file query-v2.pdb (PDB, C-alpha atoms, pLDDT in the B column)
ATOM      1  CA  MET N   1      33.396 -29.091   9.785  1.00 47.00           C
ATOM      2  CA  ASN N   2      31.859 -30.966   6.835  1.00 60.00           C
ATOM      3  CA  SER N   3      28.400 -30.305   8.231  1.00 67.00           C
ATOM      4  CA  PHE N   4      29.206 -26.611   8.555  1.00 58.00           C
ATOM      5  CA  LYS N   5      30.528 -26.424   4.973  1.00 64.00           C
ATOM      6  CA  GLY N   6      27.407 -28.213   3.763  1.00 60.00           C
ATOM      7  CA  ARG N   7      25.170 -25.685   5.489  1.00 56.00           C
ATOM      8  CA  ILE N   8      27.131 -22.794   3.956  1.00 62.00           C
ATOM      9  CA  ILE N   9      26.843 -24.248   0.453  1.00 63.00           C
ATOM     10  CA  ILE N  10      23.085 -24.769   0.830  1.00 61.00           C
ATOM     11  CA  ALA N  11      22.691 -21.273   2.297  1.00 55.00           C
ATOM     12  CA  VAL N  12      24.563 -19.715  -0.627  1.00 61.00           C
ATOM     13  CA  ILE N  13      22.377 -21.592  -3.110  1.00 64.00           C
ATOM     14  CA  ILE N  14      19.186 -20.431  -1.371  1.00 58.00           C
ATOM     15  CA  ALA N  15      20.434 -16.842  -1.262  1.00 55.00           C
ATOM     16  CA  LEU N  16      21.466 -16.845  -4.920  1.00 61.00           C
ATOM     17  CA  ILE N  17      18.131 -18.295  -6.054  1.00 62.00           C
ATOM     18  CA  SER N  18      16.266 -15.644  -4.036  1.00 54.00           C
ATOM     19  CA  ILE N  19      18.396 -12.802  -5.408  1.00 60.00           C
ATOM     20  CA  VAL N  20      18.287 -13.958  -9.031  1.00 58.00           C
ATOM     21  CA  THR N  21      14.518 -14.526  -8.848  1.00 62.00           C
ATOM     22  CA  TYR N  22      13.977 -11.036  -7.448  1.00 57.00           C
ATOM     23  CA  PHE N  23      16.170  -9.156  -9.908  1.00 62.00           C
ATOM     24  CA  THR N  24      14.889 -11.031 -12.957  1.00 65.00           C
ATOM     25  CA  SER N  25      11.207 -10.548 -12.063  1.00 66.00           C
ATOM     26  CA  THR N  26      10.901  -7.180 -13.786  1.00 79.00           C
ATOM     27  CA  GLU N  27       7.859  -5.786 -15.586  1.00 81.00           C
ATOM     28  CA  GLU N  28       6.956  -2.416 -17.048  1.00 85.00           C
ATOM     29  CA  ASN N  29       4.095  -0.723 -15.216  1.00 83.00           C
ATOM     30  CA  PRO N  30       1.192  -0.478 -17.707  1.00 79.00           C
ATOM     31  CA  VAL N  31       0.285   3.020 -16.470  1.00 81.00           C
ATOM     32  CA  THR N  32       3.470   4.745 -15.297  1.00 82.00           C
ATOM     33  CA  GLY N  33       5.906   2.980 -17.633  1.00 81.00           C
ATOM     34  CA  GLU N  34       8.247   2.385 -14.698  1.00 85.00           C
ATOM     35  CA  LYS N  35      10.337  -0.777 -14.644  1.00 87.00           C
ATOM     36  CA  GLN N  36       9.374  -2.605 -11.440  1.00 81.00           C
ATOM     37  CA  LYS N  37      10.450  -5.758  -9.686  1.00 78.00           C
ATOM     38  CA  VAL N  38       7.194  -7.615  -9.093  1.00 78.00           C
ATOM     39  CA  SER N  39       6.315 -11.238  -8.506  1.00 76.00           C
ATOM     40  CA  LEU N  40       2.767 -11.050  -9.930  1.00 79.00           C
ATOM     41  CA  THR N  41       1.333 -10.283 -13.351  1.00 85.00           C
ATOM     42  CA  VAL N  42      -1.460  -7.718 -13.615  1.00 89.00           C
ATOM     43  CA  GLU N  43      -3.943 -10.560 -14.072  1.00 91.00           C
ATOM     44  CA  GLN N  44      -2.622 -12.265 -10.930  1.00 87.00           C
ATOM     45  CA  GLU N  45      -2.913  -9.012  -8.969  1.00 88.00           C
ATOM     46  CA  ILE N  46      -6.556  -8.662  -9.962  1.00 91.00           C
ATOM     47  CA  ALA N  47      -7.286 -12.305  -9.122  1.00 90.00           C
ATOM     48  CA  LEU N  48      -5.535 -12.021  -5.757  1.00 86.00           C
ATOM     49  CA  GLY N  49      -7.499  -8.897  -4.860  1.00 88.00           C
ATOM     50  CA  LEU N  50     -10.824 -10.463  -5.783  1.00 90.00           C
ATOM     51  CA  GLN N  51      -9.962 -13.641  -3.890  1.00 89.00           C
ATOM     52  CA  SER N  52      -8.862 -11.746  -0.769  1.00 88.00           C
ATOM     53  CA  ALA N  53     -11.681  -9.173  -0.660  1.00 90.00           C
ATOM     54  CA  PRO N  54     -14.275 -11.368   1.132  1.00 91.00           C
ATOM     55  CA  GLN N  55     -11.791 -12.150   3.914  1.00 88.00           C
ATOM     56  CA  PHE N  56     -11.007  -8.462   4.400  1.00 85.00           C
ATOM     57  CA  LYS N  57     -14.694  -7.607   4.554  1.00 92.00           C
ATOM     58  CA  GLU N  58     -15.230 -10.274   7.204  1.00 90.00           C
ATOM     59  CA  GLN N  59     -12.217  -9.099   9.211  1.00 89.00           C
ATOM     60  CA  PHE N  60     -13.700  -5.597   9.478  1.00 92.00           C
ATOM     61  CA  GLY N  61     -17.273  -6.587  10.275  1.00 95.00           C
ATOM     62  CA  GLY N  62     -18.584  -6.828   6.732  1.00 96.00           C
ATOM     63  CA  LEU N  63     -19.930  -3.984   4.623  1.00 97.00           C
ATOM     64  CA  TYR N  64     -21.584  -0.980   6.261  1.00 97.00           C
ATOM     65  CA  PRO N  65     -25.357  -1.644   6.234  1.00 97.00           C
ATOM     66  CA  ASP N  66     -26.411   1.713   4.737  1.00 97.00           C
ATOM     67  CA  GLY N  67     -26.506   1.133   0.979  1.00 97.00           C
ATOM     68  CA  LYS N  68     -26.688   4.881   0.224  1.00 97.00           C
ATOM     69  CA  LEU N  69     -23.405   5.544   2.003  1.00 97.00           C
ATOM     70  CA  ARG N  70     -21.777   2.573   0.287  1.00 97.00           C
ATOM     71  CA  GLY N  71     -23.015   3.928  -3.036  1.00 98.00           C
ATOM     72  CA  TYR N  72     -21.665   7.372  -2.183  1.00 98.00           C
ATOM     73  CA  VAL N  73     -18.185   5.960  -1.556  1.00 98.00           C
ATOM     74  CA  GLU N  74     -18.364   4.047  -4.837  1.00 98.00           C
ATOM     75  CA  THR N  75     -19.488   7.186  -6.701  1.00 98.00           C
ATOM     76  CA  VAL N  76     -16.576   9.280  -5.406  1.00 98.00           C
ATOM     77  CA  GLY N  77     -14.157   6.480  -6.204  1.00 98.00           C
ATOM     78  CA  ARG N  78     -15.553   6.059  -9.724  1.00 98.00           C
ATOM     79  CA  ARG N  79     -15.188   9.791 -10.372  1.00 98.00           C
ATOM     80  CA  LEU N  80     -11.513   9.605  -9.440  1.00 98.00           C
ATOM     81  CA  VAL N  81     -10.998   6.605 -11.701  1.00 97.00           C
ATOM     82  CA  ASP N  82     -13.027   7.843 -14.684  1.00 97.00           C
ATOM     83  CA  MET N  83     -11.405  11.301 -14.777  1.00 97.00           C
ATOM     84  CA  THR N  84      -7.800  10.139 -14.456  1.00 97.00           C
ATOM     85  CA  GLU N  85      -5.315   7.707 -15.979  1.00 95.00           C
ATOM     86  CA  ALA N  86      -6.587   5.094 -13.511  1.00 96.00           C
ATOM     87  CA  GLY N  87      -9.626   4.615 -15.761  1.00 94.00           C
ATOM     88  CA  LYS N  88      -7.353   3.591 -18.634  1.00 93.00           C
ATOM     89  CA  SER N  89      -5.471   1.086 -16.525  1.00 95.00           C
ATOM     90  CA  PRO N  90      -6.151  -2.671 -16.647  1.00 94.00           C
ATOM     91  CA  TYR N  91      -7.225  -2.679 -12.997  1.00 94.00           C
ATOM     92  CA  GLU N  92     -10.798  -3.379 -11.894  1.00 90.00           C
ATOM     93  CA  PHE N  93     -11.503  -0.783  -9.226  1.00 97.00           C
ATOM     94  CA  LYS N  94     -14.186  -1.384  -6.636  1.00 97.00           C
ATOM     95  CA  PHE N  95     -14.732   0.747  -3.524  1.00 98.00           C
ATOM     96  CA  HIS N  96     -16.035  -0.698  -0.257  1.00 97.00           C
ATOM     97  CA  LEU N  97     -17.296   0.969   2.942  1.00 98.00           C
ATOM     98  CA  LEU N  98     -16.633  -1.397   5.840  1.00 97.00           C
ATOM     99  CA  ALA N  99     -18.777  -1.618   8.969  1.00 97.00           C
ATOM    100  CA  ASP N 100     -15.887  -1.375  11.464  1.00 95.00           C
ATOM    101  CA  GLN N 101     -16.522   1.660  13.701  1.00 94.00           C
ATOM    102  CA  GLN N 102     -13.368   1.305  15.787  1.00 91.00           C
ATOM    103  CA  THR N 103     -10.478   0.948  13.327  1.00 88.00           C
ATOM    104  CA  VAL N 104      -9.594   4.215  11.577  1.00 90.00           C
ATOM    105  CA  ASN N 105      -8.143   2.898   8.343  1.00 89.00           C
ATOM    106  CA  ALA N 106      -8.237   2.608   4.558  1.00 92.00           C
ATOM    107  CA  PHE N 107      -6.304   0.191   2.390  1.00 89.00           C
ATOM    108  CA  ALA N 108      -6.017  -1.232  -1.109  1.00 91.00           C
ATOM    109  CA  LEU N 109      -5.536  -4.785  -2.264  1.00 89.00           C
ATOM    110  CA  PRO N 110      -3.560  -5.521  -5.438  1.00 89.00           C
ATOM    111  CA  GLY N 111      -5.726  -5.218  -8.511  1.00 92.00           C
ATOM    112  CA  GLY N 112      -8.091  -2.442  -7.409  1.00 95.00           C
ATOM    113  CA  GLN N 113     -10.154  -3.554  -4.394  1.00 94.00           C
ATOM    114  CA  ILE N 114     -10.215  -0.467  -2.131  1.00 96.00           C
ATOM    115  CA  PHE N 115     -11.622  -0.251   1.400  1.00 95.00           C
ATOM    116  CA  ILE N 116     -12.369   2.462   3.934  1.00 96.00           C
ATOM    117  CA  THR N 117     -13.712   1.749   7.407  1.00 95.00           C
ATOM    118  CA  TYR N 118     -16.735   3.599   8.711  1.00 97.00           C
ATOM    119  CA  ALA N 119     -14.559   4.701  11.646  1.00 94.00           C
ATOM    120  CA  LEU N 120     -12.461   6.763   9.214  1.00 95.00           C
ATOM    121  CA  PHE N 121     -15.338   7.715   6.923  1.00 97.00           C
ATOM    122  CA  ASN N 122     -17.265   9.136   9.876  1.00 96.00           C
ATOM    123  CA  ARG N 123     -14.346  11.418  10.802  1.00 95.00           C
ATOM    124  CA  LEU N 124     -14.238  13.021   7.369  1.00 97.00           C
ATOM    125  CA  ASN N 125     -15.970  16.351   6.879  1.00 96.00           C
ATOM    126  CA  SER N 126     -16.192  16.694   3.106  1.00 97.00           C
ATOM    127  CA  GLU N 127     -16.320  14.847  -0.183  1.00 98.00           C
ATOM    128  CA  ASP N 128     -12.900  16.300  -0.993  1.00 98.00           C
ATOM    129  CA  GLN N 129     -11.432  14.585   2.069  1.00 98.00           C
ATOM    130  CA  LEU N 130     -13.011  11.279   1.037  1.00 98.00           C
ATOM    131  CA  ALA N 131     -11.538  11.770  -2.442  1.00 98.00           C
ATOM    132  CA  GLY N 132      -8.151  12.307  -0.809  1.00 97.00           C
ATOM    133  CA  VAL N 133      -8.351   8.983   1.032  1.00 96.00           C
ATOM    134  CA  LEU N 134      -9.561   7.053  -2.010  1.00 98.00           C
ATOM    135  CA  GLY N 135      -7.130   8.799  -4.362  1.00 97.00           C
ATOM    136  CA  HIS N 136      -4.232   7.806  -2.125  1.00 95.00           C
ATOM    137  CA  GLU N 137      -5.358   4.173  -2.199  1.00 95.00           C
ATOM    138  CA  ILE N 138      -5.788   4.276  -5.983  1.00 97.00           C
ATOM    139  CA  GLY N 139      -2.175   5.446  -6.084  1.00 96.00           C
ATOM    140  CA  HIS N 140      -1.081   2.261  -4.296  1.00 94.00           C
ATOM    141  CA  VAL N 141      -2.830   0.142  -6.932  1.00 95.00           C
ATOM    142  CA  ILE N 142      -1.545   2.094  -9.944  1.00 96.00           C
ATOM    143  CA  ASN N 143       2.024   1.958  -8.650  1.00 94.00           C
ATOM    144  CA  ARG N 144       1.714  -1.793  -7.965  1.00 92.00           C
ATOM    145  CA  HIS N 145       2.951  -1.398  -4.404  1.00 88.00           C
ATOM    146  CA  GLY N 146       1.301  -4.654  -3.335  1.00 83.00           C
ATOM    147  CA  ALA N 147       3.055  -6.677  -6.034  1.00 81.00           C
ATOM    148  CA  GLU N 148       6.361  -4.942  -5.269  1.00 80.00           C
ATOM    149  CA  HIS N 149       5.987  -5.652  -1.569  1.00 78.00           C
ATOM    150  CA  ILE N 150       5.274  -9.344  -2.186  1.00 78.00           C
ATOM    151  CA  ALA N 151       8.416  -9.603  -4.346  1.00 74.00           C
ATOM    152  CA  LYS N 152      10.550  -7.873  -1.692  1.00 73.00           C
ATOM    153  CA  GLN N 153       9.028 -10.020   1.022  1.00 74.00           C
ATOM    154  CA  ASN N 154       9.886 -13.165  -0.943  1.00 67.00           C
ATOM    155  CA  LEU N 155      13.471 -11.936  -1.321  1.00 61.00           C
ATOM    156  CA  THR N 156      13.751 -11.081   2.366  1.00 67.00           C
ATOM    157  CA  GLU N 157      12.334 -14.443   3.444  1.00 67.00           C
ATOM    158  CA  GLY N 158      14.733 -16.255   1.120  1.00 59.00           C
ATOM    159  CA  LEU N 159      17.750 -14.448   2.559  1.00 58.00           C
ATOM    160  CA  ILE N 160      16.532 -15.094   6.101  1.00 64.00           C
ATOM    161  CA  ARG N 161      16.156 -18.801   5.308  1.00 65.00           C
ATOM    162  CA  ALA N 162      19.710 -18.784   3.952  1.00 57.00           C
ATOM    163  CA  THR N 163      20.951 -17.195   7.195  1.00 64.00           C
ATOM    164  CA  ASP N 164      19.038 -19.732   9.278  1.00 63.00           C
ATOM    165  CA  VAL N 165      20.586 -22.621   7.334  1.00 58.00           C
ATOM    166  CA  ALA N 166      24.105 -21.160   7.586  1.00 59.00           C
ATOM    167  CA  THR N 167      23.898 -20.594  11.357  1.00 60.00           C
ATOM    168  CA  GLY N 168      21.886 -23.713  12.124  1.00 63.00           C
ATOM    169  CA  ASN N 169      19.188 -21.804  14.007  1.00 63.00           C
ATOM    170  CA  PRO N 170      16.689 -18.946  13.428  1.00 60.00           C
ATOM    171  CA  ASN N 171      18.456 -15.585  13.403  1.00 57.00           C
ATOM    172  CA  GLU N 172      16.452 -12.807  15.044  1.00 54.00           C
ATOM    173  CA  ILE N 173      18.927 -10.138  13.912  1.00 52.00           C
ATOM    174  CA  SER N 174      18.420 -11.026  10.245  1.00 53.00           C
ATOM    175  CA  ARG N 175      14.637 -10.852  10.748  1.00 52.00           C
ATOM    176  CA  PHE N 176      14.936  -7.407  12.326  1.00 53.00           C
ATOM    177  CA  VAL N 177      17.059  -6.140   9.436  1.00 51.00           C
ATOM    178  CA  GLY N 178      14.625  -7.620   6.929  1.00 53.00           C
ATOM    179  CA  ASN N 179      11.701  -5.914   8.606  1.00 56.00           C
ATOM    180  CA  MET N 180      13.532  -2.591   8.586  1.00 50.00           C
ATOM    181  CA  ILE N 181      14.163  -2.918   4.832  1.00 49.00           C
ATOM    182  CA  ASN N 182      10.502  -3.569   4.125  1.00 52.00           C
ATOM    183  CA  MET N 183       9.418  -0.726   6.422  1.00 49.00           C
ATOM    184  CA  LYS N 184      11.578   1.704   4.469  1.00 54.00           C
ATOM    185  CA  TYR N 185       9.955   0.670   1.245  1.00 49.00           C
ATOM    186  CA  GLY N 186       6.595   1.040   2.972  1.00 75.00           C
ATOM    187  CA  ARG N 187       7.309   4.670   3.802  1.00 79.00           C
ATOM    188  CA  ASP N 188       8.446   5.348   0.226  1.00 83.00           C
ATOM    189  CA  ASP N 189       5.204   3.818  -1.040  1.00 86.00           C
ATOM    190  CA  GLU N 190       3.157   6.112   1.201  1.00 88.00           C
ATOM    191  CA  PHE N 191       4.933   9.211  -0.086  1.00 89.00           C
ATOM    192  CA  GLU N 192       4.395   8.106  -3.685  1.00 91.00           C
ATOM    193  CA  SER N 193       0.708   7.398  -3.085  1.00 92.00           C
ATOM    194  CA  ASP N 194       0.285  10.808  -1.436  1.00 93.00           C
ATOM    195  CA  GLU N 195       1.647  12.377  -4.627  1.00 94.00           C
ATOM    196  CA  TYR N 196      -0.638  10.359  -6.877  1.00 95.00           C
ATOM    197  CA  GLY N 197      -3.617  11.030  -4.617  1.00 96.00           C
ATOM    198  CA  VAL N 198      -3.093  14.787  -4.959  1.00 96.00           C
ATOM    199  CA  LYS N 199      -2.711  14.477  -8.732  1.00 96.00           C
ATOM    200  CA  TYR N 200      -5.898  12.454  -9.089  1.00 97.00           C
ATOM    201  CA  MET N 201      -7.831  14.830  -6.827  1.00 97.00           C
ATOM    202  CA  ALA N 202      -6.823  17.796  -8.975  1.00 96.00           C
ATOM    203  CA  GLN N 203      -7.663  15.989 -12.222  1.00 96.00           C
ATOM    204  CA  ALA N 204     -11.101  15.020 -10.850  1.00 97.00           C
ATOM    205  CA  ASN N 205     -11.740  18.636  -9.756  1.00 97.00           C
ATOM    206  CA  TYR N 206     -11.414  18.023  -6.034  1.00 97.00           C
ATOM    207  CA  ASN N 207      -9.508  20.364  -3.733  1.00 96.00           C
ATOM    208  CA  PRO N 208      -6.052  18.832  -3.094  1.00 95.00           C
ATOM    209  CA  GLU N 209      -5.756  20.855   0.125  1.00 95.00           C
ATOM    210  CA  ALA N 210      -8.213  18.378   1.622  1.00 96.00           C
ATOM    211  CA  MET N 211      -5.428  15.781   1.664  1.00 95.00           C
ATOM    212  CA  ILE N 212      -3.670  17.842   4.333  1.00 94.00           C
ATOM    213  CA  GLU N 213      -6.914  17.916   6.308  1.00 94.00           C
ATOM    214  CA  VAL N 214      -7.036  14.109   6.079  1.00 93.00           C
ATOM    215  CA  MET N 215      -3.503  13.856   7.486  1.00 90.00           C
ATOM    216  CA  LYS N 216      -4.524  16.033  10.427  1.00 89.00           C
ATOM    217  CA  ILE N 217      -7.607  13.881  11.026  1.00 89.00           C
ATOM    218  CA  LEU N 218      -5.436  10.753  11.065  1.00 86.00           C
ATOM    219  CA  GLN N 219      -2.970  12.474  13.391  1.00 84.00           C
ATOM    220  CA  GLU N 220      -5.798  13.353  15.769  1.00 84.00           C
ATOM    221  CA  ALA N 221      -7.151   9.796  15.592  1.00 81.00           C
ATOM    222  CA  SER N 222      -3.753   8.457  16.679  1.00 75.00           C
ATOM    223  CA  GLY N 223      -3.948  10.567  19.825  1.00 70.00           C
ATOM    224  CA  GLY N 224      -0.509  11.940  19.065  1.00 55.00           C
ATOM    225  CA  GLY N 225       1.033   8.611  20.035  1.00 54.00           C
ATOM    226  CA  GLU N 226       3.052   7.941  16.896  1.00 52.00           C
ATOM    227  CA  GLN N 227       6.070   5.686  16.770  1.00 51.00           C
ATOM    228  CA  PRO N 228       9.442   7.160  15.762  1.00 47.00           C
ATOM    229  CA  GLU N 229       9.452   7.441  11.972  1.00 44.00           C
ATOM    230  CA  PHE N 230      12.383   5.006  11.592  1.00 45.00           C
ATOM    231  CA  LEU N 231      10.306   2.217  13.145  1.00 47.00           C
ATOM    232  CA  SER N 232       7.027   3.101  11.470  1.00 53.00           C
ATOM    233  CA  THR N 233       5.687   1.742   8.197  1.00 58.00           C
ATOM    234  CA  HIS N 234       3.903   5.026   7.535  1.00 64.00           C
ATOM    235  CA  PRO N 235       5.853   8.297   7.425  1.00 67.00           C
ATOM    236  CA  ASN N 236       5.586  10.725  10.303  1.00 72.00           C
ATOM    237  CA  SER N 237       2.435  12.789   9.656  1.00 71.00           C
ATOM    238  CA  GLU N 238       4.213  16.136  10.064  1.00 78.00           C
ATOM    239  CA  ASN N 239       6.728  15.139   7.394  1.00 83.00           C
ATOM    240  CA  ARG N 240       3.911  13.990   5.129  1.00 86.00           C
ATOM    241  CA  ILE N 241       2.080  17.279   5.532  1.00 88.00           C
ATOM    242  CA  GLU N 242       5.166  19.294   4.594  1.00 90.00           C
ATOM    243  CA  ARG N 243       5.726  17.147   1.517  1.00 91.00           C
ATOM    244  CA  LEU N 244       2.053  17.418   0.574  1.00 92.00           C
ATOM    245  CA  LYS N 245       2.243  21.222   0.690  1.00 93.00           C
ATOM    246  CA  GLU N 246       5.078  21.127  -1.832  1.00 92.00           C
ATOM    247  CA  ILE N 247       3.204  18.713  -4.109  1.00 92.00           C
ATOM    248  CA  ILE N 248      -0.020  20.729  -3.970  1.00 93.00           C
ATOM    249  CA  LYS N 249       1.816  23.857  -5.171  1.00 90.00           C
ATOM    250  CA  GLN N 250       2.200  22.143  -8.553  1.00 88.00           C
ATOM    251  CA  TYR N 251      -1.583  22.061  -9.015  1.00 82.00           C
ATOM    252  CA  LYS N 252      -2.428  25.670  -8.095  1.00 72.00           C
TER     253      LYS N 252
END
call {"tool": "encode", "arguments": {"input": "query-v2.pdb", "output": "structure tokens"}}
result
Amino acid sequence: MNSFKGRIIIAVIIALISIVTYFTSTEENPVTGEKQKVSLTVEQEIALGLQSAPQFKEQFGGLYPDGKLRGYVETVGRRLVDMTEAGKSPYEFKFHLLADQQTVNAFALPGGQIFITYALFNRLNSEDQLAGVLGHEIGHVINRHGAEHIAKQNLTEGLIRATDVATGNPNEISRFVGNMINMKYGRDDEFESDEYGVKYMAQANYNPEAMIEVMKILQEASGGGEQPEFLSTHPNSENRIERLKEIIKQYK
């Protein structure tokens, strides 16, 4: 009994520390003005992105060998940054074309390091579509989704550790619930980045309709084999397209 009470006390302490740390780690977004729960400063985000970039390049086969295409991606990305609020942000944006010809993907590291694989780049049919992909990833950086996710992940892991201590063994149910929480936030992040991507496209004089074309390209690349939306980090593409149509109406 004493051992059980001891475990409960320790578990409560761990949980309280995790919760207090999460809810007191609040900063105002330097671009949007939104109050966000983040575990990194802007400077730490930039440093983390720069430190992680070489590993990401290596994971996807390095940079694509054609310097002209790499320069083209950088040029489109710079246009989006220079003609929008992103250019006034403290983030150091850099755009990379990766050599991977199998993985259809694009992603952003905290701080402004943005990547697109050649497998995705090669499926795009216009500069507007490329701007849609890069604008979406810029939206992740501006909204500090990476820093938010790290803070939520730290909270989730702390609560899971508390559950493990209280029960005396790893709890798979608590891990499943934690993953579901983080997946929900992931879907919300995607919707928000879609909105910012459309806004930045319009401000940089690109056609926002191309974002819908990108969603259809990604849908085709998946072969129609999507997971149910509840279990997917990214929103169902049909739902995203409908939401994009509503957002785009604001810029016509």
call {"tool": "resolve_selection", "arguments": {"input": "query-v2.pdb", "expression": "the PyMOL selection byres ((chain N and resi 84) around 12)", "output": "list in words"}}
result
Val31, Gly77, Arg78, Arg79, Leu80, Val81, Asp82, Met83, Glu85, Ala86, Gly87, Lys88, Ser89, Gly135, Ile138, Gly139, Ile142, Tyr196, Gly197, Val198, Lys199, Tyr200, Met201, Ala202, Gln203, Ala204 and Asn205 of chain N
call {"tool": "write_last_selection", "arguments": {"input": "query-v2.pdb", "atoms": "C-alpha atoms", "output": "JSON list (two decimals), in the coordinates of the input"}}
result
[["chain", "number", "residue", "atom", "x", "y", "z"],
["N", 31, "VAL", "CA", 0.28, 3.02, -16.47],
["N", 77, "GLY", "CA", -14.16, 6.48, -6.20],
["N", 78, "ARG", "CA", -15.55, 6.06, -9.72],
["N", 79, "ARG", "CA", -15.19, 9.79, -10.37],
["N", 80, "LEU", "CA", -11.51, 9.60, -9.44],
["N", 81, "VAL", "CA", -11.00, 6.60, -11.70],
["N", 82, "ASP", "CA", -13.03, 7.84, -14.68],
["N", 83, "MET", "CA", -11.40, 11.30, -14.78],
["N", 85, "GLU", "CA", -5.32, 7.71, -15.98],
["N", 86, "ALA", "CA", -6.59, 5.09, -13.51],
["N", 87, "GLY", "CA", -9.63, 4.62, -15.76],
["N", 88, "LYS", "CA", -7.35, 3.59, -18.63],
["N", 89, "SER", "CA", -5.47, 1.09, -16.52],
["N", 135, "GLY", "CA", -7.13, 8.80, -4.36],
["N", 138, "ILE", "CA", -5.79, 4.28, -5.98],
["N", 139, "GLY", "CA", -2.17, 5.45, -6.08],
["N", 142, "ILE", "CA", -1.54, 2.09, -9.94],
["N", 196, "TYR", "CA", -0.64, 10.36, -6.88],
["N", 197, "GLY", "CA", -3.62, 11.03, -4.62],
["N", 198, "VAL", "CA", -3.09, 14.79, -4.96],
["N", 199, "LYS", "CA", -2.71, 14.48, -8.73],
["N", 200, "TYR", "CA", -5.90, 12.45, -9.09],
["N", 201, "MET", "CA", -7.83, 14.83, -6.83],
["N", 202, "ALA", "CA", -6.82, 17.80, -8.98],
["N", 203, "GLN", "CA", -7.66, 15.99, -12.22],
["N", 204, "ALA", "CA", -11.10, 15.02, -10.85],
["N", 205, "ASN", "CA", -11.74, 18.64, -9.76]]
call {"tool": "resolve_selection", "arguments": {"input": "query-v2.pdb", "expression": "the PyMOL selection byres ((chain N and resi 211-225) around 7)", "output": "ChimeraX atom specification"}}
result
/N:129,132,208-210,226-227,237,241,244
call {"tool": "resolve_selection", "arguments": {"input": "query-v2.pdb", "expression": "the PyMOL selection byres ((chain N and resi 99) around 10)", "output": "list in words"}}
result
Lys57, Glu58, Gln59, Phe60, Gly61, Gly62, Leu63, Tyr64, Pro65, Asp66, His96, Leu97, Leu98, Asp100, Gln101, Gln102, Thr103, Ile116, Thr117, Tyr118 and Ala119 of chain N
call {"tool": "atom_distance", "arguments": {"input": "query-v2.pdb", "atom1": "CA of Glu192 in chain N", "atom2": "CA of Val141 in chain N"}}
result
11.2 Å
call {"tool": "atom_distance", "arguments": {"input": "query-v2.pdb", "atom1": "CA of His140 in chain N", "atom2": "CA of Tyr91 in chain N"}}
result
11.7 Å
call {"tool": "closest_residue", "arguments": {"input": "query-v2.pdb", "among": "N:Glu45, N:Phe107, N:Asn29, N:Phe115", "to": "Ile150 in chain N", "atoms": "all atoms listed in the file"}}
result
N:Glu45
call {"tool": "residues_around", "arguments": {"input": "query-v2.pdb", "residues": "Leu50 in chain N", "least_positions_apart": "2", "cutoff": "12 Å", "atoms": "all atoms listed in the file", "output": "PDB file with C-alpha atoms, keeping the file's coordinate frame"}}
result
ATOM      1  CA  GLU N  43      -3.943 -10.560 -14.072  1.00 91.00           C
ATOM      2  CA  GLN N  44      -2.622 -12.265 -10.930  1.00 87.00           C
ATOM      3  CA  GLU N  45      -2.913  -9.012  -8.969  1.00 88.00           C
ATOM      4  CA  ILE N  46      -6.556  -8.662  -9.962  1.00 91.00           C
ATOM      5  CA  ALA N  47      -7.286 -12.305  -9.122  1.00 90.00           C
ATOM      6  CA  LEU N  48      -5.535 -12.021  -5.757  1.00 86.00           C
ATOM      7  CA  SER N  52      -8.862 -11.746  -0.769  1.00 88.00           C
ATOM      8  CA  ALA N  53     -11.681  -9.173  -0.660  1.00 90.00           C
ATOM      9  CA  PRO N  54     -14.275 -11.368   1.132  1.00 91.00           C
ATOM     10  CA  GLN N  55     -11.791 -12.150   3.914  1.00 88.00           C
ATOM     11  CA  PHE N  56     -11.007  -8.462   4.400  1.00 85.00           C
ATOM     12  CA  LYS N  57     -14.694  -7.607   4.554  1.00 92.00           C
ATOM     13  CA  TYR N  91      -7.225  -2.679 -12.997  1.00 94.00           C
ATOM     14  CA  GLU N  92     -10.798  -3.379 -11.894  1.00 90.00           C
ATOM     15  CA  PHE N  93     -11.503  -0.783  -9.226  1.00 97.00           C
ATOM     16  CA  LYS N  94     -14.186  -1.384  -6.636  1.00 97.00           C
ATOM     17  CA  ALA N 108      -6.017  -1.232  -1.109  1.00 91.00           C
ATOM     18  CA  LEU N 109      -5.536  -4.785  -2.264  1.00 89.00           C
ATOM     19  CA  PRO N 110      -3.560  -5.521  -5.438  1.00 89.00           C
ATOM     20  CA  GLY N 111      -5.726  -5.218  -8.511  1.00 92.00           C
ATOM     21  CA  GLY N 112      -8.091  -2.442  -7.409  1.00 95.00           C
ATOM     22  CA  GLN N 113     -10.154  -3.554  -4.394  1.00 94.00           C
ATOM     23  CA  ILE N 114     -10.215  -0.467  -2.131  1.00 96.00           C
TER      24      ILE N 114
END
call {"tool": "atom_distance", "arguments": {"input": "query-v2.pdb", "atom1": "CA of Asp128 in chain N", "atom2": "CA of Asn207 in chain N"}}
result
6.0 Å
call {"tool": "axis_aligned_box", "arguments": {"input": "query-v2.pdb", "around": "range 197-212 of chain N", "padding_each_side": "5 Å", "output": "AutoDock Vina command-line options"}}
result
--center_x -7.2 --center_y 15.9 --center_z -3.9 --size_x 19.0 --size_y 19.8 --size_z 26.6
call {"tool": "closest_residue", "arguments": {"input": "query-v2.pdb", "among": "N:Lys245, N:Arg240, N:Lys252, N:Arg144", "to": "Arg187 in chain N", "atoms": "only C-alpha atoms"}}
result
N:Arg240
call {"tool": "closest_residue", "arguments": {"input": "query-v2.pdb", "among": "N:Leu124, N:Leu69, N:Val42, N:Ile248", "to": "Glu27 in chain N", "atoms": "all atoms listed in the file"}}
result
N:Val42
